[in-house]
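Participant: Mind looking over this structure? Questions follow.
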Amino acid sequence: MVAVIKTGYSIRRIFQYNENKVKEGLAECIGAINYPIDVEKMTDTMKLNRLLHQTKLNERVSRNSVHISLNFDPKDRGLNRKSLIEIAETYMKKIGFGDQPFLVYRHDDAGHPHIHIVSVKVRPDGSRIDMQNIGRNQSEKARIEIEKSFGLTVASENKRQESFRLKPVDVQKVQYGHIDTRRAIGNVLEAVLGNYKYSSLPELNAILKQYNVLADRGSERSQVFKFEGLLYRIIDDEGKPIGVPIKASRFYNAPTLKFLKEQFEVNRSKKVLCKSRTRSTIDHVLEKKPGNLDELCKSLEKKGIHCAIRKNENGTIYGITYVDHISKCVFNGSDLEKPYSAMGIQDSFVHKEVLCPILTPEPKLSVWKDQRSQLTGFNVLDRSVDSLRWDQNNDIIYSLIQPEQVYGNIPVQLKNKRKKRKRRAIKLI
């Protein structure tokens, strides 16, 4: 079992996200814990008002909503409704939310069984629930105990990460209408926006493009750009848009441009601590002297860093962005320092492939070649016209890189330092 815990500013958005899944036939509300009546007898308004009423008990708590997903191994498909509710109640009690009102939703929109839990961070007495390191401490301990008590499949850390790793959107399915576009984009945004540290829209797109998603402001003359709107669209492997774009406001977490700008400011300070890790990884790969930019990018991929290369219409490289999937940080090349920018990386390959052969002195003719020329009757010094031209060009290059020499004696006036005149003090009578 894998538990994913997220907090938010709006309980209404999280509630609507799960209820929309229910309306689409992709989910079912199977439980309402610490509610006055059963879930079957309540309307959507009654479910939501119970949570909103408790959040108003302490309006100083800005991130007042909690959204938890419990993901099970595909082998645990036999879990019935009663077992899922018991697992949810046990888990919430062990992490300190046993007395909180929460809703349990069973989702059927993925390849593995999982449930979503919606609750709030404000207690009935108005105090705030501290969630500092709750995922590493209380949640991990609860996960292990639940796996043992309910007989769930226990997987290793690597297998669990592989099973629930985010995958790119299947462009073919979206193109032929086999999958809901908004749901596909929403799954990517949910996994990226709150986990990665990005400080600009191009940096965010460097992550999203790996999953065939693009955040688009439109052209500068468009109404979307004028009123600071934002569209999300699906793109193919060549970066071309497919299907109809969707407004940011239509997603449950509302990843609008205004929201992203706030994230940019928060992430800008958090990224500073991750710079050393990314730089040291790039330096380690460059020490192995990759032959070209493609080899560098492939080597960095193995280290968990994706290189997003930016080119103009003529195919000229003008920028590079590093997406560090280990530290969850995104850096423009120039932000790391000049040697890590697109020009700095390309210059390292130019110096390696072009300047080194020019600066290498021409090897001297061996004695064996002189003897061979005498035996064959050909003079080694007799060369073709093309070779003589090459020597002339080479001599020009050597003359250009030689330091300037100064001939003759330096005048004495230039050698000696000028003596300072001492000013005499004027006596006042």
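Ordering of the structure tokens sets the chain letters (A, B, ...), residue numbers begin anew at 1 in every chain, and ligands are numbered from 1 in the order given.
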I'd like the contact shell of Met46 of chain A - 12 Å cut-off, only C-alpha atoms, skipping same-chain residues fewer than 6 positions apart - returned as a PyMOL selection string.
Facilitator: chain A and resi 15+32+35-40+52-53+103
Participant: Name the residues in contact with segment 333-348 of chain A at a cut-off of 8 Å, using only C-alpha atoms, excluding same-chain residues fewer than 3 positions from it; report them as a PyMOL selection string.
Facilitator: chain A and resi 275+279+293+317-322+351-352
Participant: For Leu231 of chain A, find every residue with an atom within 10 Å (counting only C-alpha atoms), except residues of its own chain fewer than 6 positions away, and show them as a ChimeraX atom specification.
Facilitator: /A:214-218,224-225,244-250,255-257
Participant: Check the DSSP output for the backbone and give back, as a list in words, the residues of segment 214-288 of chain A in strand (DSSP E).
Facilitator: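 Assigned to strand (DSSP E), within segment 214-288 of chain A: Leu214, Ala215, Asp216, Leu231, Tyr232, Arg233, Ile234, Ile235, Pro241, Ile242, Gly243, Val244, Pro245, Ile246 and Lys247 of chain A.
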Participant: Counting only C-alpha atoms, what is within 8 Å of Ile115 of chain A, bar same-chain residues fewer than 4 positions away, as number ranges by chain?
Facilitator: A: 69-71, 84, 104-107
Participant: Among the residues of segment 16-168 of chain A, find those DSSP assigns to helix (DSSP H, G or I) from the backbone and print them as a PyMOL selection string.
Facilitator: chain A and resi 16-23+39-41+44-55+74-76+81-94+135-149+157-163
Participant: Residues near Glu301 of chain A, anyone? I mean within 12 Å using only C-alpha atoms, not counting same-chain ones fewer than 3 positions away, as a list in words.
Facilitator: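 Contacts, in chain order: Thr281, Ile282, Val285, Asp294, Glu295, Leu296, Cys297, Lys298, Gly304, Ile305, His306, Cys307, Ala308, Tyr322, Val323, Asp324, His325 and Ile326 of chain A.
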Participant: Please dump the current selection as a PDB file, in the first residue's frame; keep C-alpha atoms.
Facilitator:
```
ATOM      1  CA  THR A 281      26.043  15.736 -10.996  1.00  0.00           C
ATOM      2  CA  ILE A 282      26.648  17.638 -14.236  1.00  0.00           C
ATOM      3  CA  VAL A 285      29.265  13.557 -16.122  1.00  0.00           C
ATOM      4  CA  ASP A 294      23.365  14.008 -27.026  1.00  0.00           C
ATOM      5  CA  GLU A 295      25.806  11.829 -25.095  1.00  0.00           C
ATOM      6  CA  LEU A 296      25.756  14.331 -22.231  1.00  0.00           C
ATOM      7  CA  CYS A 297      21.944  14.271 -22.058  1.00  0.00           C
ATOM      8  CA  LYS A 298      21.826  10.456 -22.118  1.00  0.00           C
ATOM      9  CA  GLY A 304      17.945  11.390 -12.837  1.00  0.00           C
ATOM     10  CA  ILE A 305      18.381  14.717 -14.686  1.00  0.00           C
ATOM     11  CA  HIS A 306      16.426  15.446 -17.862  1.00  0.00           C
ATOM     12  CA  CYS A 307      17.823  18.015 -20.318  1.00  0.00           C
ATOM     13  CA  ALA A 308      15.230  20.111 -22.160  1.00  0.00           C
ATOM     14  CA  TYR A 322      17.740  20.835 -16.321  1.00  0.00           C
ATOM     15  CA  VAL A 323      14.891  18.912 -14.646  1.00  0.00           C
ATOM     16  CA  ASP A 324      16.329  17.154 -11.595  1.00  0.00           C
ATOM     17  CA  HIS A 325      13.882  14.358 -10.758  1.00  0.00           C
ATOM     18  CA  ILE A 326      15.848  13.444  -7.624  1.00  0.00           C
TER      19      ILE A 326
END
```
Participant: If we count only C-alpha atoms and set the cut-off at 12 Å, which residues sit around Glu262 of chain A, ignoring sequence neighbours fewer than 2 positions away in its own chain? Please answer as a PDB file with N, CA and C atoms, in the first residue's frame.
Facilitator:
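File produced: out_7.pdb:
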```pdb
ATOM      1  N   LEU A 193       2.515  19.794 -10.018  1.00  0.00           N
ATOM      2  CA  LEU A 193       2.447  21.159  -9.469  1.00  0.00           C
ATOM      3  C   LEU A 193       2.869  21.245  -8.018  1.00  0.00           C
ATOM      4  N   LYS A 197       9.767  22.016  -7.919  1.00  0.00           N
ATOM      5  CA  LYS A 197      10.076  23.418  -7.631  1.00  0.00           C
ATOM      6  C   LYS A 197      10.498  24.091  -8.943  1.00  0.00           C
ATOM      7  N   TYR A 198       9.664  24.973  -9.441  1.00  0.00           N
ATOM      8  CA  TYR A 198       9.874  25.684 -10.698  1.00  0.00           C
ATOM      9  C   TYR A 198       9.614  27.158 -10.429  1.00  0.00           C
ATOM     10  N   SER A 199      10.282  28.039 -11.159  1.00  0.00           N
ATOM     11  CA  SER A 199      10.158  29.474 -10.892  1.00  0.00           C
ATOM     12  C   SER A 199       9.763  30.268 -12.122  1.00  0.00           C
ATOM     13  N   SER A 200       9.334  29.613 -13.178  1.00  0.00           N
ATOM     14  CA  SER A 200       8.850  30.302 -14.372  1.00  0.00           C
ATOM     15  C   SER A 200       8.002  29.326 -15.183  1.00  0.00           C
ATOM     16  N   LEU A 201       7.238  29.862 -16.125  1.00  0.00           N
ATOM     17  CA  LEU A 201       6.383  29.018 -16.960  1.00  0.00           C
ATOM     18  C   LEU A 201       7.203  28.117 -17.883  1.00  0.00           C
ATOM     19  N   PRO A 255      -5.158  25.536 -11.421  1.00  0.00           N
ATOM     20  CA  PRO A 255      -3.769  25.981 -11.633  1.00  0.00           C
ATOM     21  C   PRO A 255      -3.698  27.147 -12.619  1.00  0.00           C
ATOM     22  N   THR A 256      -4.290  28.279 -12.254  1.00  0.00           N
ATOM     23  CA  THR A 256      -4.299  29.462 -13.105  1.00  0.00           C
ATOM     24  C   THR A 256      -2.932  30.143 -13.098  1.00  0.00           C
ATOM     25  N   LEU A 257      -2.794  31.162 -13.947  1.00  0.00           N
ATOM     26  CA  LEU A 257      -1.524  31.894 -14.010  1.00  0.00           C
ATOM     27  C   LEU A 257      -1.265  32.632 -12.705  1.00  0.00           C
ATOM     28  N   LYS A 258      -2.314  33.151 -12.085  1.00  0.00           N
ATOM     29  CA  LYS A 258      -2.165  33.825 -10.791  1.00  0.00           C
ATOM     30  C   LYS A 258      -1.643  32.851  -9.734  1.00  0.00           C
ATOM     31  N   PHE A 259      -2.181  31.648  -9.720  1.00  0.00           N
ATOM     32  CA  PHE A 259      -1.720  30.636  -8.774  1.00  0.00           C
ATOM     33  C   PHE A 259      -0.266  30.251  -9.041  1.00  0.00           C
ATOM     34  N   LEU A 260       0.089  30.107 -10.308  1.00  0.00           N
ATOM     35  CA  LEU A 260       1.459  29.714 -10.653  1.00  0.00           C
ATOM     36  C   LEU A 260       2.460  30.803 -10.278  1.00  0.00           C
ATOM     37  N   PHE A 264       5.818  30.459  -8.164  1.00  0.00           N
ATOM     38  CA  PHE A 264       7.144  30.870  -8.640  1.00  0.00           C
ATOM     39  C   PHE A 264       7.939  31.558  -7.529  1.00  0.00           C
ATOM     40  N   GLU A 265       7.290  32.452  -6.817  1.00  0.00           N
ATOM     41  CA  GLU A 265       7.965  33.194  -5.755  1.00  0.00           C
ATOM     42  C   GLU A 265       8.359  32.278  -4.600  1.00  0.00           C
ATOM     43  N   VAL A 266       7.482  31.346  -4.248  1.00  0.00           N
ATOM     44  CA  VAL A 266       7.788  30.415  -3.151  1.00  0.00           C
ATOM     45  C   VAL A 266       8.923  29.473  -3.533  1.00  0.00           C
ATOM     46  N   ASN A 267       8.890  28.975  -4.761  1.00  0.00           N
ATOM     47  CA  ASN A 267       9.882  27.991  -5.190  1.00  0.00           C
ATOM     48  C   ASN A 267      11.251  28.604  -5.448  1.00  0.00           C
ATOM     49  N   ARG A 268      11.281  29.914  -5.755  1.00  0.00           N
ATOM     50  CA  ARG A 268      12.564  30.557  -6.094  1.00  0.00           C
ATOM     51  C   ARG A 268      13.558  30.466  -4.934  1.00  0.00           C
TER      52      ARG A 268
END
```
Participant: Fewer than 5 positions away in the same chain doesn't count, so skip those; otherwise give me all residues within 12 Å of segment 23-25 of chain A, counting only C-alpha atoms, as a list of chain:residue names.
Facilitator: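 Contacts, with the query itself left out: A:Gln16, A:Tyr17, A:Asn18, A:Asp44, A:Arg106, A:His107, A:Asp108, A:Asp109, A:Asp180, A:Arg183.
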Participant: Mind dumping the selected residues with N, CA and C atoms as a PDB file, in the first residue's frame?
Facilitator:
```
ATOM      1  N   GLN A  16     -15.248  18.810  -4.902  1.00  0.00           N
ATOM      2  CA  GLN A  16     -15.801  18.807  -6.253  1.00  0.00           C
ATOM      3  C   GLN A  16     -15.040  17.865  -7.167  1.00  0.00           C
ATOM      4  N   TYR A  17     -13.731  17.740  -6.969  1.00  0.00           N
ATOM      5  CA  TYR A  17     -12.934  16.819  -7.780  1.00  0.00           C
ATOM      6  C   TYR A  17     -13.458  15.391  -7.635  1.00  0.00           C
ATOM      7  N   ASN A  18     -13.675  14.943  -6.413  1.00  0.00           N
ATOM      8  CA  ASN A  18     -14.150  13.581  -6.183  1.00  0.00           C
ATOM      9  C   ASN A  18     -15.610  13.412  -6.603  1.00  0.00           C
ATOM     10  N   ASP A  44     -25.074  16.281  -1.762  1.00  0.00           N
ATOM     11  CA  ASP A  44     -23.722  16.840  -1.906  1.00  0.00           C
ATOM     12  C   ASP A  44     -23.530  18.061  -1.004  1.00  0.00           C
ATOM     13  N   ARG A 106     -14.148   5.505  -3.420  1.00  0.00           N
ATOM     14  CA  ARG A 106     -13.442   4.439  -4.140  1.00  0.00           C
ATOM     15  C   ARG A 106     -13.377   4.824  -5.615  1.00  0.00           C
ATOM     16  N   HIS A 107     -12.143   4.877  -6.168  1.00  0.00           N
ATOM     17  CA  HIS A 107     -11.940   5.284  -7.560  1.00  0.00           C
ATOM     18  C   HIS A 107     -11.642   4.055  -8.418  1.00  0.00           C
ATOM     19  N   ASP A 108     -12.166   4.095  -9.637  1.00  0.00           N
ATOM     20  CA  ASP A 108     -11.967   3.001 -10.590  1.00  0.00           C
ATOM     21  C   ASP A 108     -11.349   3.509 -11.891  1.00  0.00           C
ATOM     22  N   ASP A 109     -10.552   4.571 -11.822  1.00  0.00           N
ATOM     23  CA  ASP A 109      -9.994   5.177 -13.034  1.00  0.00           C
ATOM     24  C   ASP A 109      -8.507   4.908 -13.204  1.00  0.00           C
ATOM     25  N   ASP A 180     -10.598  10.644 -21.417  1.00  0.00           N
ATOM     26  CA  ASP A 180     -11.009  12.016 -21.186  1.00  0.00           C
ATOM     27  C   ASP A 180      -9.783  12.920 -21.106  1.00  0.00           C
ATOM     28  N   ARG A 183      -9.253  14.696 -17.669  1.00  0.00           N
ATOM     29  CA  ARG A 183      -8.797  13.766 -16.636  1.00  0.00           C
ATOM     30  C   ARG A 183      -7.325  13.411 -16.843  1.00  0.00           C
TER      31      ARG A 183
END
```
